[in-house]
file model-v5.json (JSON, C-alpha atoms)
[["chain", "number", "residue", "atom", "x", "y", "z"],
["M", 1, "MET", "CA", 13.20, -18.42, 0.01],
["M", 2, "THR", "CA", 16.85, -19.41, -0.36],
["M", 3, "LEU", "CA", 19.87, -17.30, 0.56],
["M", 4, "GLY", "CA", 23.32, -18.67, -0.15],
["M", 5, "GLY", "CA", 21.93, -22.18, -0.53],
["M", 6, "LYS", "CA", 20.15, -22.03, 2.83],
["M", 7, "GLU", "CA", 16.40, -21.99, 3.33],
["M", 8, "VAL", "CA", 15.23, -18.79, 5.00],
["M", 9, "ASN", "CA", 11.77, -18.26, 6.45],
["M", 10, "LEU", "CA", 9.83, -15.08, 7.21],
["M", 11, "GLY", "CA", 6.54, -14.77, 9.03],
["M", 12, "GLY", "CA", 4.47, -11.99, 10.48],
["M", 13, "MET", "CA", 1.33, -10.95, 12.26],
["M", 14, "CYS", "CA", -0.35, -7.65, 12.99],
["M", 15, "LYS", "CA", -3.49, -6.21, 14.53],
["M", 16, "GLY", "CA", -5.52, -3.07, 14.06],
["M", 17, "SER", "CA", -8.82, -2.08, 12.44],
["M", 18, "GLY", "CA", -9.63, 1.44, 13.62],
["M", 19, "MET", "CA", -7.67, 4.72, 13.56],
["M", 20, "ILE", "CA", -5.79, 3.37, 10.57],
["M", 21, "HIS", "CA", -3.94, 6.12, 8.76],
["M", 22, "PRO", "CA", -0.28, 7.10, 8.31],
["M", 23, "ASN", "CA", 1.96, 7.38, 10.12],
["M", 24, "MET", "CA", 1.81, 3.62, 10.42],
["M", 25, "ALA", "CA", -1.72, 3.63, 11.79],
["M", 26, "THR", "CA", -2.83, 2.46, 15.22],
["M", 27, "MET", "CA", -1.50, -1.04, 14.93],
["M", 28, "LEU", "CA", 1.00, -3.55, 16.23],
["M", 29, "GLY", "CA", 3.08, -5.75, 13.97],
["M", 30, "VAL", "CA", 5.72, -8.42, 14.51],
["M", 31, "VAL", "CA", 7.90, -9.99, 11.82],
["M", 32, "THR", "CA", 10.14, -13.00, 12.41],
["M", 33, "CYS", "CA", 13.00, -14.12, 10.22],
["M", 34, "ASP", "CA", 15.71, -16.76, 10.68],
["M", 35, "ALA", "CA", 18.17, -15.21, 8.24],
["M", 36, "SER", "CA", 21.61, -14.13, 9.38],
["M", 37, "VAL", "CA", 21.76, -10.41, 8.64],
["M", 38, "ASP", "CA", 23.77, -7.50, 10.02],
["M", 39, "ALA", "CA", 21.75, -5.55, 12.62],
["M", 40, "GLU", "CA", 22.17, -2.19, 10.90],
["M", 41, "VAL", "CA", 21.30, -3.65, 7.51],
["M", 42, "TRP", "CA", 18.22, -5.37, 8.97],
["M", 43, "GLN", "CA", 17.13, -2.11, 10.58],
["M", 44, "GLY", "CA", 17.26, -0.35, 7.23],
["M", 45, "MET", "CA", 15.26, -3.12, 5.58],
["M", 46, "VAL", "CA", 12.55, -2.99, 8.24],
["M", 47, "LYS", "CA", 12.35, 0.79, 7.91],
["M", 48, "ARG", "CA", 12.06, 0.84, 4.13],
["M", 49, "ALA", "CA", 9.63, -2.07, 4.05],
["M", 50, "SER", "CA", 7.46, -0.27, 6.60],
["M", 51, "VAL", "CA", 7.51, 2.91, 4.54],
["M", 52, "ALA", "CA", 6.32, 0.91, 1.54],
["M", 53, "SER", "CA", 3.51, -0.83, 3.37],
["M", 54, "PHE", "CA", 1.90, 0.23, 6.65],
["M", 55, "ASN", "CA", 2.43, 3.92, 5.98],
["M", 56, "GLN", "CA", 0.51, 3.66, 2.73],
["M", 57, "ILE", "CA", -2.76, 2.39, 4.15],
["M", 58, "THR", "CA", -5.74, 4.26, 5.49],
["M", 59, "VAL", "CA", -9.15, 3.14, 6.68],
["M", 60, "ASP", "CA", -10.81, 6.04, 8.42],
["M", 61, "GLY", "CA", -8.36, 8.92, 8.06],
["M", 62, "ASP", "CA", -7.67, 9.17, 11.79],
["M", 63, "THR", "CA", -3.98, 9.33, 12.63],
["M", 64, "SER", "CA", -2.50, 6.86, 15.05],
["M", 65, "THR", "CA", -1.96, 7.54, 18.73],
["M", 66, "ASN", "CA", 0.44, 4.62, 19.08],
["M", 67, "ASP", "CA", 1.92, 1.96, 16.87],
["M", 68, "CYS", "CA", 4.86, -0.36, 16.52],
["M", 69, "VAL", "CA", 6.42, -2.81, 14.07],
["M", 70, "ILE", "CA", 9.11, -5.12, 15.40],
["M", 71, "GLY", "CA", 11.41, -7.18, 13.17],
["M", 72, "LEU", "CA", 13.23, -10.17, 14.68],
["M", 73, "ALA", "CA", 16.10, -11.90, 12.89],
["M", 74, "SER", "CA", 17.57, -14.92, 14.69],
["M", 75, "GLY", "CA", 20.29, -15.97, 12.25],
["M", 76, "LEU", "CA", 19.44, -19.63, 12.74],
["M", 77, "ALA", "CA", 19.07, -20.30, 9.01],
["M", 78, "GLY", "CA", 22.83, -20.60, 8.79],
["M", 79, "ASN", "CA", 23.25, -18.51, 5.65],
["M", 80, "ALA", "CA", 26.28, -16.31, 5.09],
["M", 81, "THR", "CA", 25.53, -13.10, 6.98],
["M", 82, "VAL", "CA", 23.96, -10.44, 4.78],
["M", 83, "THR", "CA", 26.09, -7.33, 5.29],
["M", 84, "ASP", "CA", 25.05, -5.27, 2.28],
["M", 85, "ALA", "CA", 21.43, -4.41, 1.44],
["M", 86, "GLY", "CA", 22.51, -3.79, -2.14],
["M", 87, "SER", "CA", 23.90, -7.29, -2.63],
["M", 88, "ALA", "CA", 21.94, -10.00, -4.44],
["M", 89, "ASP", "CA", 21.00, -11.69, -1.16],
["M", 90, "GLY", "CA", 20.26, -8.32, 0.45],
["M", 91, "LYS", "CA", 17.85, -7.33, -2.31],
["M", 92, "LYS", "CA", 16.20, -10.75, -2.20],
["M", 93, "LEU", "CA", 15.69, -10.60, 1.56],
["M", 94, "GLU", "CA", 14.37, -7.04, 1.51],
["M", 95, "GLY", "CA", 12.06, -7.85, -1.37],
["M", 96, "ALA", "CA", 10.56, -10.75, 0.57],
["M", 97, "LEU", "CA", 10.24, -8.63, 3.71],
["M", 98, "THR", "CA", 8.53, -5.82, 1.81],
["M", 99, "ALA", "CA", 6.08, -8.24, 0.16],
["M", 100, "LEU", "CA", 5.25, -9.72, 3.56],
["M", 101, "LEU", "CA", 4.61, -6.34, 5.18],
["M", 102, "GLN", "CA", 2.54, -5.17, 2.24],
["M", 103, "GLY", "CA", 0.38, -8.26, 2.53],
["M", 104, "LEU", "CA", -0.10, -7.64, 6.24],
["M", 105, "ALA", "CA", -0.88, -3.97, 5.60],
["M", 106, "LYS", "CA", -3.55, -4.91, 3.06],
["M", 107, "SER", "CA", -5.06, -7.32, 5.55],
["M", 108, "ILE", "CA", -5.40, -4.56, 8.12],
["M", 109, "ALA", "CA", -7.01, -2.27, 5.58],
["M", 110, "TRP", "CA", -9.38, -4.96, 4.37],
["M", 111, "ASP", "CA", -10.45, -5.72, 7.94],
["M", 112, "GLY", "CA", -11.04, -2.04, 8.67],
["M", 113, "GLU", "CA", -14.17, -1.11, 10.59],
["M", 114, "GLY", "CA", -17.04, -0.95, 8.11],
["M", 115, "ALA", "CA", -14.86, -1.72, 5.10],
["M", 116, "THR", "CA", -16.32, -3.71, 2.21],
["M", 117, "CYS", "CA", -14.07, -2.77, -0.68],
["M", 118, "LEU", "CA", -10.33, -2.61, -1.17],
["M", 119, "ILE", "CA", -8.99, 0.14, -3.41],
["M", 120, "GLU", "CA", -5.55, 0.45, -4.91],
["M", 121, "VAL", "CA", -4.25, 3.72, -6.33],
["M", 122, "GLN", "CA", -1.08, 4.02, -8.36],
["M", 123, "ALA", "CA", 0.49, 7.39, -9.06],
["M", 124, "VAL", "CA", 2.96, 7.18, -11.94],
["M", 125, "GLY", "CA", 5.27, 9.80, -13.37],
["M", 126, "ALA", "CA", 5.78, 11.94, -10.27],
["M", 127, "LYS", "CA", 9.11, 13.68, -9.78],
["M", 128, "THR", "CA", 9.82, 11.77, -6.58],
["M", 129, "ASP", "CA", 8.52, 8.68, -4.83],
["M", 130, "ALA", "CA", 7.36, 10.88, -1.94],
["M", 131, "ASP", "CA", 5.27, 12.97, -4.35],
["M", 132, "ALA", "CA", 3.72, 9.85, -5.85],
["M", 133, "ARG", "CA", 2.79, 8.55, -2.43],
["M", 134, "GLN", "CA", 1.26, 11.86, -1.43],
["M", 135, "VAL", "CA", -0.92, 12.02, -4.53],
["M", 136, "ALA", "CA", -2.07, 8.42, -4.06],
["M", 137, "ARG", "CA", -2.88, 9.00, -0.42],
["M", 138, "SER", "CA", -4.85, 12.11, -1.30],
["M", 139, "VAL", "CA", -7.04, 10.15, -3.71],
["M", 140, "THR", "CA", -7.58, 7.24, -1.36],
["M", 141, "GLY", "CA", -8.36, 9.63, 1.47],
["M", 142, "SER", "CA", -11.02, 11.53, -0.45],
["M", 143, "SER", "CA", -14.52, 10.88, 0.88],
["M", 144, "LEU", "CA", -16.00, 11.92, -2.46],
["M", 145, "ALA", "CA", -13.74, 9.59, -4.44],
["M", 146, "LYS", "CA", -14.46, 6.71, -2.07],
["M", 147, "SER", "CA", -18.21, 7.20, -2.15],
["M", 148, "ALA", "CA", -18.14, 7.34, -5.97],
["M", 149, "ILE", "CA", -16.15, 4.12, -6.18],
["M", 150, "PHE", "CA", -18.41, 2.40, -3.66],
["M", 151, "GLY", "CA", -21.42, 3.41, -5.75],
["M", 152, "GLY", "CA", -19.84, 2.21, -8.99],
["M", 153, "ASP", "CA", -19.59, 5.75, -10.35],
["M", 154, "PRO", "CA", -16.44, 6.25, -12.50],
["M", 155, "ASN", "CA", -16.22, 9.92, -11.55],
["M", 156, "TRP", "CA", -12.89, 11.08, -12.95],
["M", 157, "GLY", "CA", -13.42, 14.60, -11.63],
["M", 158, "ARG", "CA", -13.27, 13.54, -8.01],
["M", 159, "ILE", "CA", -10.06, 11.63, -8.61],
["M", 160, "ALA", "CA", -8.44, 14.49, -10.49],
["M", 161, "ALA", "CA", -9.52, 16.98, -7.83],
["M", 162, "ALA", "CA", -8.00, 14.88, -5.05],
["M", 163, "ALA", "CA", -4.73, 14.71, -6.97],
["M", 164, "GLY", "CA", -4.88, 18.46, -7.50],
["M", 165, "TYR", "CA", -5.28, 19.38, -3.85],
["M", 166, "SER", "CA", -2.70, 16.84, -2.67],
["M", 167, "GLY", "CA", -0.12, 19.58, -2.26],
["M", 168, "VAL", "CA", 2.14, 18.15, -4.96],
["M", 169, "ALA", "CA", 2.93, 20.60, -7.75],
["M", 170, "PHE", "CA", 2.45, 19.20, -11.26],
["M", 171, "ASP", "CA", 1.40, 20.35, -14.71],
["M", 172, "GLN", "CA", -2.31, 19.62, -14.98],
["M", 173, "SER", "CA", -1.98, 19.34, -18.75],
["M", 174, "ASN", "CA", -0.05, 16.12, -18.10],
["M", 175, "LEU", "CA", -2.67, 14.61, -15.80],
["M", 176, "GLY", "CA", -4.28, 11.32, -16.77],
["M", 177, "VAL", "CA", -6.75, 9.09, -14.92],
["M", 178, "ARG", "CA", -7.36, 5.42, -15.65],
["M", 179, "LEU", "CA", -9.74, 2.98, -14.03],
["M", 180, "GLY", "CA", -8.66, -0.55, -14.86],
["M", 181, "GLU", "CA", -8.43, -0.62, -18.66],
["M", 182, "GLN", "CA", -10.67, 2.42, -19.04],
["M", 183, "GLN", "CA", -8.84, 5.69, -19.69],
["M", 184, "LEU", "CA", -11.05, 8.46, -18.26],
["M", 185, "MET", "CA", -8.78, 11.45, -18.59],
["M", 186, "GLU", "CA", -5.71, 12.21, -20.68],
["M", 187, "LYS", "CA", -3.41, 15.24, -20.93],
["M", 188, "GLY", "CA", -5.54, 17.10, -18.43],
["M", 189, "GLN", "CA", -8.80, 16.63, -20.36],
["M", 190, "PRO", "CA", -11.68, 14.15, -19.98],
["M", 191, "ILE", "CA", -12.02, 11.79, -22.92],
["M", 192, "PRO", "CA", -14.93, 9.62, -24.14],
["M", 193, "PHE", "CA", -15.10, 6.26, -22.39],
["M", 194, "ASP", "CA", -17.53, 3.42, -21.83],
["M", 195, "LYS", "CA", -19.17, 4.52, -18.60],
["M", 196, "ALA", "CA", -21.20, 1.31, -18.28],
["M", 197, "ALA", "CA", -18.06, -0.82, -18.61],
["M", 198, "ALA", "CA", -16.16, 1.32, -16.11],
["M", 199, "SER", "CA", -19.03, 1.14, -13.63],
["M", 200, "LYS", "CA", -19.28, -2.62, -14.08],
["M", 201, "TYR", "CA", -15.54, -2.90, -13.46],
["M", 202, "LEU", "CA", -15.91, -1.18, -10.10],
["M", 203, "LYS", "CA", -18.87, -3.27, -9.02],
["M", 204, "VAL", "CA", -17.64, -6.65, -10.26],
["M", 205, "CYS", "CA", -14.11, -6.20, -8.95],
["M", 206, "GLY", "CA", -15.38, -5.01, -5.59],
["M", 207, "GLU", "CA", -17.76, -7.94, -5.20],
["M", 208, "SER", "CA", -15.31, -10.58, -6.41],
["M", 209, "ALA", "CA", -12.51, -9.21, -4.22],
["M", 210, "SER", "CA", -14.81, -9.30, -1.21],
["M", 211, "ARG", "CA", -15.82, -12.92, -1.84],
["M", 212, "MET", "CA", -12.24, -13.99, -2.54],
["M", 213, "TRP", "CA", -10.89, -12.27, 0.54],
["M", 214, "LYS", "CA", -13.41, -13.86, 2.85],
["M", 215, "SER", "CA", -12.75, -17.37, 1.56],
["M", 216, "HIS", "CA", -9.08, -17.20, 0.48],
["M", 217, "PRO", "CA", -7.44, -14.04, 1.86],
["M", 218, "GLN", "CA", -4.03, -14.96, 0.46],
["M", 219, "GLU", "CA", -5.43, -15.17, -3.09],
["M", 220, "ALA", "CA", -7.70, -12.14, -3.07],
["M", 221, "LYS", "CA", -7.54, -9.96, -6.14],
["M", 222, "TYR", "CA", -7.79, -6.42, -4.94],
["M", 223, "LEU", "CA", -9.84, -3.78, -6.61],
["M", 224, "GLU", "CA", -7.40, -1.92, -8.80],
["M", 225, "VAL", "CA", -8.24, 1.68, -8.68],
["M", 226, "GLU", "CA", -7.52, 4.84, -10.58],
["M", 227, "GLU", "CA", -4.13, 5.68, -11.82],
["M", 228, "VAL", "CA", -3.08, 9.29, -11.71],
["M", 229, "THR", "CA", -0.33, 9.92, -14.20],
["M", 230, "GLN", "CA", 2.07, 12.77, -14.78],
["M", 231, "ALA", "CA", 4.17, 12.77, -17.89],
["M", 232, "GLU", "CA", 7.17, 14.34, -16.20],
["M", 233, "GLY", "CA", 9.53, 12.65, -13.78],
["M", 234, "ALA", "CA", 9.40, 9.12, -12.57],
["M", 235, "GLY", "CA", 8.23, 7.38, -9.49],
["M", 236, "LEU", "CA", 5.71, 4.98, -8.15],
["M", 237, "GLY", "CA", 3.68, 5.52, -5.08],
["M", 238, "GLY", "CA", 0.44, 5.32, -3.39],
["M", 239, "CYS", "CA", -1.71, 2.49, -2.58],
["M", 240, "GLN", "CA", 0.03, 0.05, -4.53],
["M", 241, "PHE", "CA", -0.53, -3.33, -3.08],
["M", 242, "SER", "CA", -4.00, -2.34, -2.26],
["M", 243, "GLN", "CA", -4.96, 0.67, -0.64],
["M", 244, "PRO", "CA", -7.69, -0.16, 1.55],
["M", 245, "ARG", "CA", -9.78, 1.98, 3.59],
["M", 246, "ALA", "CA", -13.21, 2.28, 4.84],
["M", 247, "ASP", "CA", -15.20, 5.26, 5.87],
["M", 248, "SER", "CA", -18.66, 6.42, 6.85],
["M", 249, "CYS", "CA", -19.98, 6.85, 3.34],
["M", 250, "GLY", "CA", -19.10, 3.37, 2.30],
["M", 251, "PRO", "CA", -16.22, 1.01, 2.15],
["M", 252, "VAL", "CA", -12.99, 1.62, 0.47],
["M", 253, "ARG", "CA", -9.43, 1.08, 1.33],
["M", 254, "LEU", "CA", -6.11, 2.50, 0.57],
["M", 255, "SER", "CA", -2.48, 1.74, 0.98],
["M", 256, "SER", "CA", 0.48, 3.62, 2.30],
["M", 257, "ARG", "CA", 4.04, 3.33, 3.45],
["M", 258, "LEU", "CA", 5.81, 3.50, 6.71],
["M", 259, "HIS", "CA", 8.34, 4.82, 9.15],
["M", 260, "ALA", "CA", 11.40, 3.72, 10.96],
["M", 261, "GLY", "CA", 12.64, 3.61, 14.47],
["M", 262, "SER", "CA", 15.47, 2.19, 16.51],
["M", 263, "CYS", "CA", 17.33, -1.08, 16.46],
["M", 264, "ALA", "CA", 18.95, -2.92, 19.33],
["M", 265, "THR", "CA", 20.91, -6.16, 19.42],
["M", 266, "PHE", "CA", 20.27, -8.85, 22.00],
["M", 267, "GLY", "CA", 22.78, -11.63, 21.73],
["M", 268, "PRO", "CA", 22.58, -13.13, 18.23],
["M", 269, "MET", "CA", 19.09, -11.81, 17.61],
["M", 270, "HIS", "CA", 18.50, -8.42, 16.00],
["M", 271, "VAL", "CA", 15.41, -6.59, 17.18],
["M", 272, "CYS", "CA", 14.33, -3.67, 15.03],
["M", 273, "ALA", "CA", 11.42, -1.47, 15.95],
["M", 274, "SER", "CA", 9.61, 1.01, 13.73],
["M", 275, "SER", "CA", 7.26, 3.60, 15.09],
["M", 276, "SER", "CA", 5.85, 6.94, 14.06]]

call {"tool": "encode", "arguments": {"input": "model-v5.json", "output": "structure tokens"}}
result
Amino acid sequence: MTLGGKEVNLGGMCKGSGMIHPNMATMLGVVTCDASVDAEVWQGMVKRASVASFNQITVDGDTSTNDCVIGLASGLAGNATVTDAGSADGKKLEGALTALLQGLAKSIAWDGEGATCLIEVQAVGAKTDADARQVARSVTGSSLAKSAIFGGDPNWGRIAAAAGYSGVAFDQSNLGVRLGEQQLMEKGQPIPFDKAAASKYLKVCGESASRMWKSHPQEAKYLEVEEVTQAEGAGLGGCQFSQPRADSCGPVRLSSRLHAGSCATFGPMHVCASSS
């Protein structure tokens, strides 16, 4: 990417395949960046990007005992120092950082122990982003929903039930569920849909995503899963870049977001750490 006419590079790596569940899962992650950015601004970017990535994934539902994400920014790119996250360069840098962490988070989910399918859940129309994330995590964490998806069963009831017991208050008459292009539920009521087509969507997408991921991980098309919609409010959450997860009754993955931590400065290099 380019900031202020200077080429800026970001890279990252992470590890973890078991006990993957918010907050941030049992994993270690390191991100490197050569952009010149204010330490406090960089800390905020790492925190928000973590919330939108590693804390939205789950594999087995077991919460982490330890985890860490470290962001390093050397400033060697020579760009004008980014001092405002809301500036054009600040938004561009944070957008790239978030995309990178989301890609790494999906990789962890996809490599989860026993996982064979990657699921993405989008919750739209919630009153807050936190509510949307909670609903999405509830669906991706449901053993019944995961087993149905793994078996190619477009069971709207299991998805709706998981949204209902998520702890987020919403008007059930505004609830809708969609699987790919198939609308399964609308305004709180099930509607006629092509069950064979919906089942085929689950099976074909799962198989093609698995083949693509194994051969070209960076180009894998993730299994897009149910969308739980509320007519009121606004907000996007959940397993949005792929919510992967795997569990005993079959494979499935989910996505989540993450946490923040502390930031220290060592010479010209900013070191930001996020942990639950």

call {"tool": "closest_residue", "arguments": {"input": "model-v5.json", "among": "M:Gly152, M:Gly61, M:Gly90, M:Gly75", "to": "Cys33 of chain M", "atoms": "all atoms listed in the file"}}
result
M:Gly75

call {"tool": "closest_residue", "arguments": {"input": "model-v5.json", "among": "M:Gln122, M:Ser74, M:Ser142, M:Ser50", "to": "Arg178 of chain M", "atoms": "only C-alpha atoms"}}
result
M:Gln122

call {"tool": "closest_residue", "arguments": {"input": "model-v5.json", "among": "M:Thr65, M:Ser36, M:Gln43, M:Asn79", "to": "Leu3 of chain M", "atoms": "only C-alpha atoms"}}
result
M:Asn79

call {"tool": "residues_around", "arguments": {"input": "model-v5.json", "residues": "Asn155 of chain M", "least_positions_apart": "4", "cutoff": "9 Å", "atoms": "all atoms listed in the file", "output": "list in words"}}
result
Ala145, Ala148, Ile149, Ile159 and Leu184 of chain M

call {"tool": "closest_residue", "arguments": {"input": "model-v5.json", "among": "M:Met13, M:Cys68, M:Ala99, M:Ala198", "to": "Val31 of chain M", "atoms": "all atoms listed in the file"}}
result
M:Met13

call {"tool": "closest_residue", "arguments": {"input": "model-v5.json", "among": "M:Gln182, M:Val135, M:Ala197, M:Leu202", "to": "Ile119 of chain M", "atoms": "only C-alpha atoms"}}
result
M:Leu202

call {"tool": "closest_residue", "arguments": {"input": "model-v5.json", "among": "M:Trp156, M:Ala162, M:Phe54, M:Gly151", "to": "Gln183 of chain M", "atoms": "only C-alpha atoms"}}
result
M:Trp156

call {"tool": "atom_distance", "arguments": {"input": "model-v5.json", "atom1": "atom CA of Asp111 of chain M", "atom2": "atom CA of Glu181 of chain M"}}
result
27.2 Å

call {"tool": "residues_around", "arguments": {"input": "model-v5.json", "residues": "Ala80 of chain M", "least_positions_apart": "5", "cutoff": "12 Å", "atoms": "all atoms listed in the file", "output": "list in words"}}
result
Thr2, Leu3, Gly4, Gly5, Lys6, Glu7, Val8, Asp34, Ala35, Ser36, Val37, Asp38, Gly75, Asp89 and Gly90 of chain M

call {"tool": "atom_distance", "arguments": {"input": "model-v5.json", "atom1": "atom CA of Gly157 of chain M", "atom2": "atom CA of Gly141 of chain M"}}
result
14.9 Å
